[in-house]
$ cat run29.txt   # compact mmCIF, N, CA and C atoms and all ligand atoms
# COMPACT_ATOMS: atom_id res chain seq x y z
N MET Z 1 -16.84 -13.44 10.47
CA MET Z 1 -16.10 -12.68 9.47
C MET Z 1 -14.65 -12.53 9.90
N ALA Z 2 -13.76 -12.77 9.00
CA ALA Z 2 -12.33 -12.61 9.31
C ALA Z 2 -11.98 -11.13 9.39
N ASN Z 3 -11.01 -10.83 10.22
CA ASN Z 3 -10.54 -9.44 10.28
C ASN Z 3 -9.90 -9.07 8.95
N ASP Z 4 -10.07 -7.82 8.56
CA ASP Z 4 -9.41 -7.31 7.37
C ASP Z 4 -8.29 -6.38 7.84
N TYR Z 5 -7.07 -6.89 7.76
CA TYR Z 5 -5.93 -6.11 8.24
C TYR Z 5 -5.45 -5.09 7.22
N ALA Z 6 -6.04 -5.15 6.02
CA ALA Z 6 -5.51 -4.32 4.93
C ALA Z 6 -6.43 -3.17 4.51
N HIS Z 7 -7.73 -3.36 4.67
CA HIS Z 7 -8.67 -2.43 4.06
C HIS Z 7 -9.62 -1.81 5.09
N GLU Z 8 -10.30 -0.80 4.63
CA GLU Z 8 -11.40 -0.16 5.35
C GLU Z 8 -11.00 0.44 6.68
N SER Z 9 -9.75 0.73 6.86
CA SER Z 9 -9.34 1.43 8.07
C SER Z 9 -8.00 2.13 7.85
N THR Z 10 -7.42 2.60 8.95
CA THR Z 10 -6.30 3.54 8.86
C THR Z 10 -5.01 2.94 8.31
N GLY Z 11 -4.86 1.62 8.39
CA GLY Z 11 -3.60 1.02 7.95
C GLY Z 11 -3.53 0.73 6.46
N PHE Z 12 -4.51 1.15 5.70
CA PHE Z 12 -4.60 0.80 4.28
C PHE Z 12 -3.30 1.10 3.51
N LEU Z 13 -2.84 2.34 3.60
CA LEU Z 13 -1.70 2.76 2.76
C LEU Z 13 -0.41 2.07 3.18
N THR Z 14 -0.15 1.97 4.48
CA THR Z 14 1.10 1.36 4.94
C THR Z 14 1.07 -0.15 4.75
N TRP Z 15 -0.10 -0.78 4.92
CA TRP Z 15 -0.22 -2.23 4.65
C TRP Z 15 0.13 -2.50 3.19
N HIS Z 16 -0.46 -1.72 2.28
CA HIS Z 16 -0.23 -1.97 0.86
C HIS Z 16 1.19 -1.63 0.44
N ARG Z 17 1.81 -0.65 1.10
CA ARG Z 17 3.21 -0.34 0.77
C ARG Z 17 4.09 -1.57 1.05
N LEU Z 18 3.90 -2.20 2.21
CA LEU Z 18 4.68 -3.39 2.54
C LEU Z 18 4.33 -4.54 1.60
N TYR Z 19 3.04 -4.70 1.31
CA TYR Z 19 2.61 -5.78 0.41
C TYR Z 19 3.26 -5.65 -0.97
N LEU Z 20 3.26 -4.45 -1.53
CA LEU Z 20 3.84 -4.23 -2.85
C LEU Z 20 5.34 -4.49 -2.86
N LEU Z 21 6.01 -4.08 -1.77
CA LEU Z 21 7.45 -4.36 -1.67
C LEU Z 21 7.70 -5.86 -1.64
N TRP Z 22 6.89 -6.57 -0.84
CA TRP Z 22 7.00 -8.03 -0.76
C TRP Z 22 6.74 -8.66 -2.12
N PHE Z 23 5.68 -8.22 -2.79
CA PHE Z 23 5.31 -8.77 -4.10
C PHE Z 23 6.44 -8.54 -5.12
N GLU Z 24 6.98 -7.32 -5.12
CA GLU Z 24 8.05 -7.01 -6.07
C GLU Z 24 9.29 -7.87 -5.82
N ARG Z 25 9.64 -8.04 -4.54
CA ARG Z 25 10.81 -8.88 -4.21
C ARG Z 25 10.56 -10.35 -4.63
N GLU Z 26 9.34 -10.86 -4.39
CA GLU Z 26 9.01 -12.23 -4.78
C GLU Z 26 9.10 -12.39 -6.29
N MET Z 27 8.60 -11.40 -7.03
CA MET Z 27 8.68 -11.45 -8.49
C MET Z 27 10.13 -11.44 -8.96
N GLN Z 28 10.96 -10.65 -8.31
CA GLN Z 28 12.38 -10.60 -8.66
C GLN Z 28 13.03 -11.97 -8.48
N ILE Z 29 12.64 -12.66 -7.40
CA ILE Z 29 13.20 -13.99 -7.14
C ILE Z 29 12.69 -14.99 -8.18
N LEU Z 30 11.37 -14.98 -8.42
CA LEU Z 30 10.77 -15.92 -9.37
C LEU Z 30 11.33 -15.74 -10.77
N LEU Z 31 11.54 -14.50 -11.16
CA LEU Z 31 12.04 -14.19 -12.50
C LEU Z 31 13.56 -14.23 -12.57
N ASN Z 32 14.18 -14.39 -11.40
CA ASN Z 32 15.64 -14.31 -11.31
C ASN Z 32 16.13 -13.03 -11.99
N ASP Z 33 15.41 -11.93 -11.69
CA ASP Z 33 15.73 -10.65 -12.29
C ASP Z 33 15.60 -9.56 -11.23
N PRO Z 34 16.71 -9.20 -10.57
CA PRO Z 34 16.65 -8.20 -9.51
C PRO Z 34 16.27 -6.81 -10.01
N SER Z 35 16.22 -6.62 -11.34
CA SER Z 35 15.84 -5.30 -11.86
C SER Z 35 14.34 -5.19 -12.12
N PHE Z 36 13.59 -6.29 -11.89
CA PHE Z 36 12.14 -6.23 -12.13
C PHE Z 36 11.50 -5.20 -11.20
N THR Z 37 10.64 -4.34 -11.77
CA THR Z 37 9.88 -3.39 -10.94
C THR Z 37 8.42 -3.40 -11.37
N ILE Z 38 7.54 -3.11 -10.43
CA ILE Z 38 6.11 -2.97 -10.73
C ILE Z 38 5.87 -1.57 -11.28
N GLN Z 39 5.12 -1.51 -12.37
CA GLN Z 39 4.74 -0.21 -12.92
C GLN Z 39 3.43 0.24 -12.28
N TYR Z 40 3.24 1.55 -12.17
CA TYR Z 40 1.95 1.99 -11.65
C TYR Z 40 0.98 2.29 -12.79
N TRP Z 41 -0.29 2.16 -12.46
CA TRP Z 41 -1.35 2.34 -13.44
C TRP Z 41 -1.95 3.72 -13.23
N ASN Z 42 -1.77 4.59 -14.19
CA ASN Z 42 -2.20 5.98 -14.01
C ASN Z 42 -3.61 6.17 -14.56
N TRP Z 43 -4.58 6.22 -13.66
CA TRP Z 43 -5.98 6.37 -14.08
C TRP Z 43 -6.23 7.72 -14.74
N ALA Z 44 -5.35 8.69 -14.53
CA ALA Z 44 -5.51 10.00 -15.17
C ALA Z 44 -5.13 9.95 -16.65
N ASN Z 45 -4.44 8.87 -17.04
CA ASN Z 45 -4.03 8.72 -18.44
C ASN Z 45 -5.14 7.99 -19.21
N PRO Z 46 -5.76 8.64 -20.21
CA PRO Z 46 -6.88 8.01 -20.94
C PRO Z 46 -6.52 6.64 -21.51
N ASN Z 47 -5.24 6.43 -21.89
CA ASN Z 47 -4.83 5.14 -22.45
C ASN Z 47 -4.82 4.02 -21.41
N ASP Z 48 -4.88 4.37 -20.12
CA ASP Z 48 -4.79 3.39 -19.04
C ASP Z 48 -6.17 3.03 -18.46
N ARG Z 49 -7.26 3.53 -19.06
CA ARG Z 49 -8.55 3.43 -18.38
C ARG Z 49 -9.33 2.13 -18.60
N THR Z 50 -8.96 1.31 -19.55
CA THR Z 50 -9.76 0.12 -19.83
C THR Z 50 -9.35 -1.04 -18.94
N SER Z 51 -10.29 -1.51 -18.09
CA SER Z 51 -10.03 -2.68 -17.24
C SER Z 51 -11.32 -3.05 -16.54
N THR Z 52 -11.29 -4.12 -15.74
CA THR Z 52 -12.46 -4.52 -14.96
C THR Z 52 -12.33 -4.07 -13.51
N MET Z 53 -11.46 -3.07 -13.24
CA MET Z 53 -11.22 -2.65 -11.86
C MET Z 53 -12.46 -2.05 -11.20
N GLY Z 54 -13.45 -1.61 -12.00
CA GLY Z 54 -14.66 -1.06 -11.42
C GLY Z 54 -15.53 -2.12 -10.75
N ASP Z 55 -15.29 -3.38 -11.07
CA ASP Z 55 -16.04 -4.50 -10.50
C ASP Z 55 -15.21 -5.07 -9.34
N VAL Z 56 -15.62 -4.76 -8.11
CA VAL Z 56 -14.79 -5.09 -6.94
C VAL Z 56 -14.54 -6.60 -6.85
N ALA Z 57 -15.56 -7.42 -7.14
CA ALA Z 57 -15.39 -8.87 -7.02
C ALA Z 57 -14.41 -9.41 -8.05
N ALA Z 58 -14.43 -8.84 -9.25
CA ALA Z 58 -13.57 -9.34 -10.33
C ALA Z 58 -12.19 -8.69 -10.31
N SER Z 59 -12.04 -7.58 -9.60
CA SER Z 59 -10.82 -6.79 -9.73
C SER Z 59 -9.53 -7.53 -9.37
N PRO Z 60 -9.51 -8.44 -8.35
CA PRO Z 60 -8.23 -9.12 -8.08
C PRO Z 60 -7.76 -10.01 -9.22
N ASN Z 61 -8.66 -10.38 -10.13
CA ASN Z 61 -8.26 -11.19 -11.28
C ASN Z 61 -7.73 -10.34 -12.43
N ASP Z 62 -7.90 -9.05 -12.30
CA ASP Z 62 -7.45 -8.16 -13.37
C ASP Z 62 -5.95 -7.94 -13.23
N PRO Z 63 -5.20 -8.13 -14.32
CA PRO Z 63 -3.74 -7.91 -14.23
C PRO Z 63 -3.39 -6.50 -13.76
N VAL Z 64 -4.33 -5.59 -13.91
CA VAL Z 64 -4.09 -4.20 -13.51
C VAL Z 64 -4.15 -4.02 -11.99
N PHE Z 65 -4.68 -5.03 -11.29
CA PHE Z 65 -4.90 -4.93 -9.85
C PHE Z 65 -3.67 -4.43 -9.11
N ILE Z 66 -2.53 -5.08 -9.35
CA ILE Z 66 -1.29 -4.70 -8.67
C ILE Z 66 -0.86 -3.29 -9.09
N ASN Z 67 -1.01 -3.01 -10.38
CA ASN Z 67 -0.60 -1.70 -10.89
C ASN Z 67 -1.47 -0.59 -10.32
N HIS Z 68 -2.75 -0.91 -10.10
CA HIS Z 68 -3.65 0.06 -9.47
C HIS Z 68 -3.18 0.37 -8.05
N HIS Z 69 -2.86 -0.68 -7.29
CA HIS Z 69 -2.39 -0.45 -5.92
C HIS Z 69 -1.08 0.32 -5.92
N THR Z 70 -0.27 0.12 -6.95
CA THR Z 70 0.99 0.86 -7.04
C THR Z 70 0.72 2.33 -7.32
N MET Z 71 -0.33 2.62 -8.10
CA MET Z 71 -0.71 4.02 -8.33
C MET Z 71 -1.13 4.66 -7.01
N VAL Z 72 -1.86 3.92 -6.17
CA VAL Z 72 -2.25 4.42 -4.86
C VAL Z 72 -1.00 4.71 -4.03
N ASP Z 73 -0.02 3.79 -4.08
CA ASP Z 73 1.23 3.98 -3.33
C ASP Z 73 2.00 5.19 -3.86
N TYR Z 74 1.94 5.40 -5.18
CA TYR Z 74 2.59 6.57 -5.80
C TYR Z 74 1.98 7.87 -5.26
N ILE Z 75 0.66 7.90 -5.14
CA ILE Z 75 -0.01 9.08 -4.60
C ILE Z 75 0.35 9.25 -3.12
N PHE Z 76 0.39 8.13 -2.38
CA PHE Z 76 0.82 8.15 -0.97
C PHE Z 76 2.23 8.73 -0.87
N GLU Z 77 3.13 8.33 -1.77
CA GLU Z 77 4.50 8.83 -1.77
C GLU Z 77 4.54 10.33 -2.03
N LYS Z 78 3.74 10.80 -3.00
CA LYS Z 78 3.67 12.24 -3.28
C LYS Z 78 3.23 12.99 -2.02
N TRP Z 79 2.24 12.42 -1.33
CA TRP Z 79 1.74 13.04 -0.11
C TRP Z 79 2.83 13.08 0.97
N LEU Z 80 3.52 11.96 1.16
CA LEU Z 80 4.60 11.91 2.15
C LEU Z 80 5.67 12.95 1.86
N GLN Z 81 6.05 13.07 0.58
CA GLN Z 81 7.12 14.01 0.22
C GLN Z 81 6.70 15.45 0.50
N LYS Z 82 5.41 15.72 0.35
CA LYS Z 82 4.94 17.09 0.54
C LYS Z 82 4.64 17.42 2.00
N TYR Z 83 4.06 16.47 2.72
CA TYR Z 83 3.51 16.80 4.04
C TYR Z 83 4.11 16.07 5.22
N GLN Z 84 4.95 15.07 5.00
CA GLN Z 84 5.34 14.23 6.13
C GLN Z 84 6.02 15.02 7.25
N GLN Z 85 6.78 16.08 6.90
CA GLN Z 85 7.46 16.80 7.98
C GLN Z 85 6.46 17.44 8.94
N ASN Z 86 5.24 17.69 8.47
CA ASN Z 86 4.22 18.25 9.34
C ASN Z 86 3.40 17.16 10.04
N TRP Z 87 3.53 15.95 9.57
CA TRP Z 87 2.72 14.85 10.07
C TRP Z 87 3.66 13.69 10.40
N LEU Z 88 4.32 13.75 11.54
CA LEU Z 88 5.31 12.73 11.86
C LEU Z 88 4.68 11.36 11.97
N ARG Z 89 3.42 11.31 12.26
CA ARG Z 89 2.69 10.06 12.20
C ARG Z 89 1.33 10.38 11.60
N LEU Z 90 0.72 9.40 11.02
CA LEU Z 90 -0.60 9.61 10.46
C LEU Z 90 -1.55 9.80 11.63
N ILE Z 91 -2.12 10.99 11.72
CA ILE Z 91 -2.84 11.38 12.93
C ILE Z 91 -4.05 10.48 13.20
N VAL Z 92 -4.58 9.88 12.16
CA VAL Z 92 -5.76 9.03 12.38
C VAL Z 92 -5.38 7.68 12.98
N PHE Z 93 -4.09 7.28 12.89
CA PHE Z 93 -3.69 6.02 13.51
C PHE Z 93 -4.03 6.04 15.00
N GLY Z 94 -4.71 5.04 15.46
CA GLY Z 94 -4.98 4.94 16.88
C GLY Z 94 -6.02 5.91 17.39
N LYS Z 95 -6.61 6.70 16.50
CA LYS Z 95 -7.60 7.68 16.93
C LYS Z 95 -9.03 7.16 16.75
N TYR Z 96 -9.13 5.98 16.23
CA TYR Z 96 -10.44 5.39 16.03
C TYR Z 96 -11.15 5.25 17.37
N ASP Z 97 -12.35 5.76 17.50
CA ASP Z 97 -13.00 5.75 18.81
C ASP Z 97 -14.18 4.79 18.89
N GLY Z 98 -14.23 3.84 17.96
CA GLY Z 98 -15.26 2.81 18.03
C GLY Z 98 -14.84 1.73 19.00
N PRO Z 99 -15.65 0.67 19.13
CA PRO Z 99 -15.31 -0.42 20.04
C PRO Z 99 -13.99 -1.07 19.64
N LYS Z 100 -13.15 -1.37 20.62
CA LYS Z 100 -11.82 -1.91 20.31
C LYS Z 100 -11.89 -3.31 19.71
N ASN Z 101 -13.01 -3.99 19.87
CA ASN Z 101 -13.13 -5.33 19.27
C ASN Z 101 -13.75 -5.28 17.88
N ASP Z 102 -13.95 -4.06 17.37
CA ASP Z 102 -14.47 -3.93 16.00
C ASP Z 102 -13.39 -4.40 15.04
N PRO Z 103 -13.71 -5.37 14.14
CA PRO Z 103 -12.70 -5.87 13.20
C PRO Z 103 -12.04 -4.77 12.38
N LYS Z 104 -12.74 -3.67 12.19
CA LYS Z 104 -12.15 -2.59 11.40
C LYS Z 104 -10.97 -1.93 12.09
N PHE Z 105 -10.88 -2.11 13.42
CA PHE Z 105 -9.80 -1.49 14.17
C PHE Z 105 -8.60 -2.43 14.29
N ALA Z 106 -8.85 -3.73 14.33
CA ALA Z 106 -7.79 -4.69 14.62
C ALA Z 106 -6.65 -4.58 13.64
N GLY Z 107 -5.45 -4.41 14.15
CA GLY Z 107 -4.26 -4.41 13.31
C GLY Z 107 -3.99 -3.13 12.55
N HIS Z 108 -4.76 -2.07 12.78
CA HIS Z 108 -4.60 -0.85 11.99
C HIS Z 108 -3.96 0.31 12.75
N SER Z 109 -3.55 0.11 14.01
CA SER Z 109 -2.91 1.21 14.74
C SER Z 109 -1.44 1.32 14.36
N ASP Z 110 -0.85 2.49 14.63
CA ASP Z 110 0.51 2.73 14.15
C ASP Z 110 1.55 1.75 14.70
N ASN Z 111 1.34 1.28 15.92
CA ASN Z 111 2.30 0.32 16.49
C ASN Z 111 1.93 -1.14 16.25
N ASP Z 112 0.83 -1.38 15.56
CA ASP Z 112 0.45 -2.76 15.25
C ASP Z 112 1.34 -3.32 14.16
N CYS Z 113 1.64 -4.62 14.26
CA CYS Z 113 2.38 -5.29 13.20
C CYS Z 113 1.47 -5.47 11.99
N ILE Z 114 2.08 -5.39 10.83
CA ILE Z 114 1.33 -5.56 9.58
C ILE Z 114 1.19 -7.05 9.31
N VAL Z 115 -0.02 -7.53 9.39
CA VAL Z 115 -0.34 -8.95 9.25
C VAL Z 115 -0.60 -9.25 7.78
N PRO Z 116 -0.08 -10.34 7.21
CA PRO Z 116 0.62 -11.47 7.83
C PRO Z 116 2.10 -11.54 7.47
N PHE Z 117 2.78 -10.45 7.33
CA PHE Z 117 4.12 -10.48 6.75
C PHE Z 117 5.22 -10.74 7.78
N ILE Z 118 6.17 -11.52 7.38
CA ILE Z 118 7.38 -11.79 8.15
C ILE Z 118 8.56 -11.55 7.21
N PRO Z 119 9.58 -10.79 7.60
CA PRO Z 119 9.80 -10.20 8.92
C PRO Z 119 8.76 -9.14 9.28
N VAL Z 120 8.71 -8.84 10.56
CA VAL Z 120 7.66 -8.01 11.12
C VAL Z 120 7.97 -6.52 10.94
N TYR Z 121 6.99 -5.81 10.42
CA TYR Z 121 7.04 -4.35 10.36
C TYR Z 121 5.74 -3.81 10.95
N THR Z 122 5.83 -2.64 11.58
CA THR Z 122 4.62 -1.97 12.06
C THR Z 122 4.18 -0.95 11.01
N HIS Z 123 2.96 -0.46 11.16
CA HIS Z 123 2.49 0.60 10.25
C HIS Z 123 3.40 1.82 10.36
N LYS Z 124 3.86 2.10 11.58
CA LYS Z 124 4.76 3.24 11.78
C LYS Z 124 6.06 3.06 10.99
N ASP Z 125 6.57 1.82 10.95
CA ASP Z 125 7.79 1.54 10.18
C ASP Z 125 7.61 1.90 8.70
N MET Z 126 6.39 1.68 8.19
CA MET Z 126 6.15 1.87 6.75
C MET Z 126 5.70 3.30 6.42
N PHE Z 127 5.50 4.12 7.46
CA PHE Z 127 5.07 5.51 7.25
C PHE Z 127 6.31 6.38 6.99
N LYS Z 128 7.04 6.03 5.95
CA LYS Z 128 8.28 6.70 5.59
C LYS Z 128 8.34 6.80 4.07
N GLN Z 129 9.13 7.75 3.60
CA GLN Z 129 9.24 7.93 2.15
C GLN Z 129 9.94 6.74 1.50
N ALA Z 130 9.60 6.53 0.23
CA ALA Z 130 10.04 5.34 -0.51
C ALA Z 130 11.55 5.16 -0.51
N GLU Z 131 12.30 6.27 -0.48
CA GLU Z 131 13.77 6.15 -0.52
C GLU Z 131 14.29 5.31 0.65
N ASN Z 132 13.55 5.30 1.76
CA ASN Z 132 13.94 4.49 2.92
C ASN Z 132 13.86 2.99 2.62
N PHE Z 133 13.11 2.65 1.58
CA PHE Z 133 12.93 1.24 1.22
C PHE Z 133 13.64 0.91 -0.09
N GLY Z 134 14.42 1.86 -0.58
CA GLY Z 134 15.24 1.60 -1.76
C GLY Z 134 14.52 1.70 -3.08
N TYR Z 135 13.40 2.43 -3.12
CA TYR Z 135 12.75 2.62 -4.43
C TYR Z 135 12.27 4.05 -4.57
N SER Z 136 11.89 4.39 -5.79
CA SER Z 136 11.35 5.71 -6.07
C SER Z 136 10.44 5.61 -7.28
N TYR Z 137 9.71 6.68 -7.53
CA TYR Z 137 8.84 6.73 -8.71
C TYR Z 137 9.36 7.78 -9.68
N SER Z 138 9.32 7.43 -10.96
CA SER Z 138 9.60 8.47 -11.95
C SER Z 138 8.31 9.25 -12.14
N GLY Z 139 8.44 10.57 -12.23
CA GLY Z 139 7.26 11.43 -12.25
C GLY Z 139 6.43 11.34 -13.51
N ASN Z 140 7.07 11.07 -14.65
CA ASN Z 140 6.29 11.05 -15.89
C ASN Z 140 6.03 9.62 -16.36
N HIS Z 141 4.78 9.30 -16.45
CA HIS Z 141 4.36 7.94 -16.79
C HIS Z 141 3.93 7.92 -18.23
CU CU Z 201 -5.89 -4.22 -1.30

$ encode --input "run29.txt" --output "structure tokens"
Amino acid sequence: MANDYAHESTGFLTWHRLYLLWFEREMQILLNDPSFTIQYWNWANPNDRTSTMGDVAASPNDPVFINHHTMVDYIFEKWLQKYQQNWLRLIVFGKYDGPKNDPKFAGHSDNDCIVPFIPVYTHKDMFKQAENFGYSYSGNH
């Protein structure tokens, strides 16, 4: 089984933050439109609820997939804005006490590089509010 550097462990939110930034920049290049932005999918909005995201195997084929991850990043951002001053690092980073060769641990500590992106960022680098990366969320969707 290949290691999962993105899911099922502590680096989930910071991995996806970097991934979404990378995806948005790539889309801007492909579209030759530097103003392109990813919209988030608000599951709390009844008009946003229809999709195949409940089916894990089919979900990456759903156009909503990226927007769903952006909603997760939006919630992460709300959390950072409210609590980050009390949590200078995500306390669970590096606190995993299972075997160090467990694939769930590999690549998920705060000083680990986020695989497979170049240039290199660590999870700690991405544990910052969105303004540090030049974006923000509008509160009303
Ligand atoms: Cu994912």

$ select_by_dssp --input "run29.txt" --residues "stretch 27-139 of chain Z" --states "alpha helix (DSSP H)" --output "list in words"
Met27, Gln28, Ile29, Leu30, Leu31, Val64, Phe65, Ile66, Asn67, His68, His69, Thr70, Met71, Val72, Asp73, Tyr74, Ile75, Phe76, Glu77, Lys78, Trp79, Leu80, Gln81, Lys82, Tyr83, His123, Lys124, Asp125 and Met126 of chain Z

$ closest_atom_pairs --input "run29.txt" --of "chain Z" --to "ligand CU 201 (chain Z)" --cutoff "7 Å" --atoms "all atoms listed in the file" --output "JSON lines"
{"residue": "Z:Ala6", "atom": "C", "partner": "Z:CU201", "partner_atom": "CU", "distance": 5.9}
{"residue": "Z:His7", "atom": "CA", "partner": "Z:CU201", "partner_atom": "CU", "distance": 6.3}
{"residue": "Z:His16", "atom": "CA", "partner": "Z:CU201", "partner_atom": "CU", "distance": 6.5}
{"residue": "Z:His69", "atom": "CA", "partner": "Z:CU201", "partner_atom": "CU", "distance": 6.9}

$ residues_around --input "run29.txt" --residues "stretch 25-41 of chain Z" --least-positions-apart "3" --cutoff "9 Å" --atoms "only C-alpha atoms" --output "mmCIF file with N, CA and C atoms, keeping the file's coordinate frame"
data_model
loop_
_atom_site.group_PDB
_atom_site.id
_atom_site.type_symbol
_atom_site.label_atom_id
_atom_site.label_comp_id
_atom_site.auth_asym_id
_atom_site.auth_seq_id
_atom_site.Cartn_x
_atom_site.Cartn_y
_atom_site.Cartn_z
ATOM 1 N N LEU Z 20 3.260 -4.450 -1.530
ATOM 2 C CA LEU Z 20 3.840 -4.230 -2.850
ATOM 3 C C LEU Z 20 5.340 -4.490 -2.860
ATOM 4 N N LEU Z 21 6.010 -4.080 -1.770
ATOM 5 C CA LEU Z 21 7.450 -4.360 -1.670
ATOM 6 C C LEU Z 21 7.700 -5.860 -1.640
ATOM 7 N N TRP Z 22 6.890 -6.570 -0.840
ATOM 8 C CA TRP Z 22 7.000 -8.030 -0.760
ATOM 9 C C TRP Z 22 6.740 -8.660 -2.120
ATOM 10 N N ALA Z 44 -5.350 8.690 -14.530
ATOM 11 C CA ALA Z 44 -5.510 10.000 -15.170
ATOM 12 C C ALA Z 44 -5.130 9.950 -16.650
ATOM 13 N N ASN Z 45 -4.440 8.870 -17.040
ATOM 14 C CA ASN Z 45 -4.030 8.720 -18.440
ATOM 15 C C ASN Z 45 -5.140 7.990 -19.210
ATOM 16 N N ASP Z 48 -4.880 4.370 -20.120
ATOM 17 C CA ASP Z 48 -4.790 3.390 -19.040
ATOM 18 C C ASP Z 48 -6.170 3.030 -18.460
ATOM 19 N N ARG Z 49 -7.260 3.530 -19.060
ATOM 20 C CA ARG Z 49 -8.550 3.430 -18.380
ATOM 21 C C ARG Z 49 -9.330 2.130 -18.600
ATOM 22 N N VAL Z 64 -4.330 -5.590 -13.910
ATOM 23 C CA VAL Z 64 -4.090 -4.200 -13.510
ATOM 24 C C VAL Z 64 -4.150 -4.020 -11.990
ATOM 25 N N PHE Z 65 -4.680 -5.030 -11.290
ATOM 26 C CA PHE Z 65 -4.900 -4.930 -9.850
ATOM 27 C C PHE Z 65 -3.670 -4.430 -9.110
ATOM 28 N N ILE Z 66 -2.530 -5.080 -9.350
ATOM 29 C CA ILE Z 66 -1.290 -4.700 -8.670
ATOM 30 C C ILE Z 66 -0.860 -3.290 -9.090
ATOM 31 N N ASN Z 67 -1.010 -3.010 -10.380
ATOM 32 C CA ASN Z 67 -0.600 -1.700 -10.890
ATOM 33 C C ASN Z 67 -1.470 -0.590 -10.320
ATOM 34 N N HIS Z 68 -2.750 -0.910 -10.100
ATOM 35 C CA HIS Z 68 -3.650 0.060 -9.470
ATOM 36 C C HIS Z 68 -3.180 0.370 -8.050
ATOM 37 N N HIS Z 69 -2.860 -0.680 -7.290
ATOM 38 C CA HIS Z 69 -2.390 -0.450 -5.920
ATOM 39 C C HIS Z 69 -1.080 0.320 -5.920
ATOM 40 N N THR Z 70 -0.270 0.120 -6.950
ATOM 41 C CA THR Z 70 0.990 0.860 -7.040
ATOM 42 C C THR Z 70 0.720 2.330 -7.320
ATOM 43 N N MET Z 71 -0.330 2.620 -8.100
ATOM 44 C CA MET Z 71 -0.710 4.020 -8.330
ATOM 45 C C MET Z 71 -1.130 4.660 -7.010
ATOM 46 N N VAL Z 72 -1.860 3.920 -6.170
ATOM 47 C CA VAL Z 72 -2.250 4.420 -4.860
ATOM 48 C C VAL Z 72 -1.000 4.710 -4.030
ATOM 49 N N ASP Z 73 -0.020 3.790 -4.080
ATOM 50 C CA ASP Z 73 1.230 3.980 -3.330
ATOM 51 C C ASP Z 73 2.000 5.190 -3.860
ATOM 52 N N TYR Z 74 1.940 5.400 -5.180
ATOM 53 C CA TYR Z 74 2.590 6.570 -5.800
ATOM 54 C C TYR Z 74 1.980 7.870 -5.260
ATOM 55 N N TYR Z 137 9.710 6.680 -7.530
ATOM 56 C CA TYR Z 137 8.840 6.730 -8.710
ATOM 57 C C TYR Z 137 9.360 7.780 -9.680
ATOM 58 N N HIS Z 141 4.780 9.300 -16.450
ATOM 59 C CA HIS Z 141 4.360 7.940 -16.790
ATOM 60 C C HIS Z 141 3.930 7.920 -18.230
#

$ closest_residue --input "run29.txt" --among "Z:Asn3, Z:Ala130, Z:Gly54, Z:Tyr19" --to "Z:Phe117" --atoms "only C-alpha atoms"
Z:Tyr19

$ atom_distance --input "run29.txt" --atom1 "atom N of Z:Gly11" --atom2 "atom CA of Z:Gln81"
19.1 Å

$ atom_distance --input "run29.txt" --atom1 "atom CA of Z:Ser109" --atom2 "atom N of Z:Glu77"
19.0 Å

$ atom_distance --input "run29.txt" --atom1 "atom CA of Z:Tyr5" --atom2 "atom CA of Z:Gly107"
5.6 Å

$ closest_residue --input "run29.txt" --among "Z:Gln84, Z:Thr10, Z:Pro60, Z:Thr52" --to "Z:Asn111" --atoms "only C-alpha atoms"
Z:Thr10
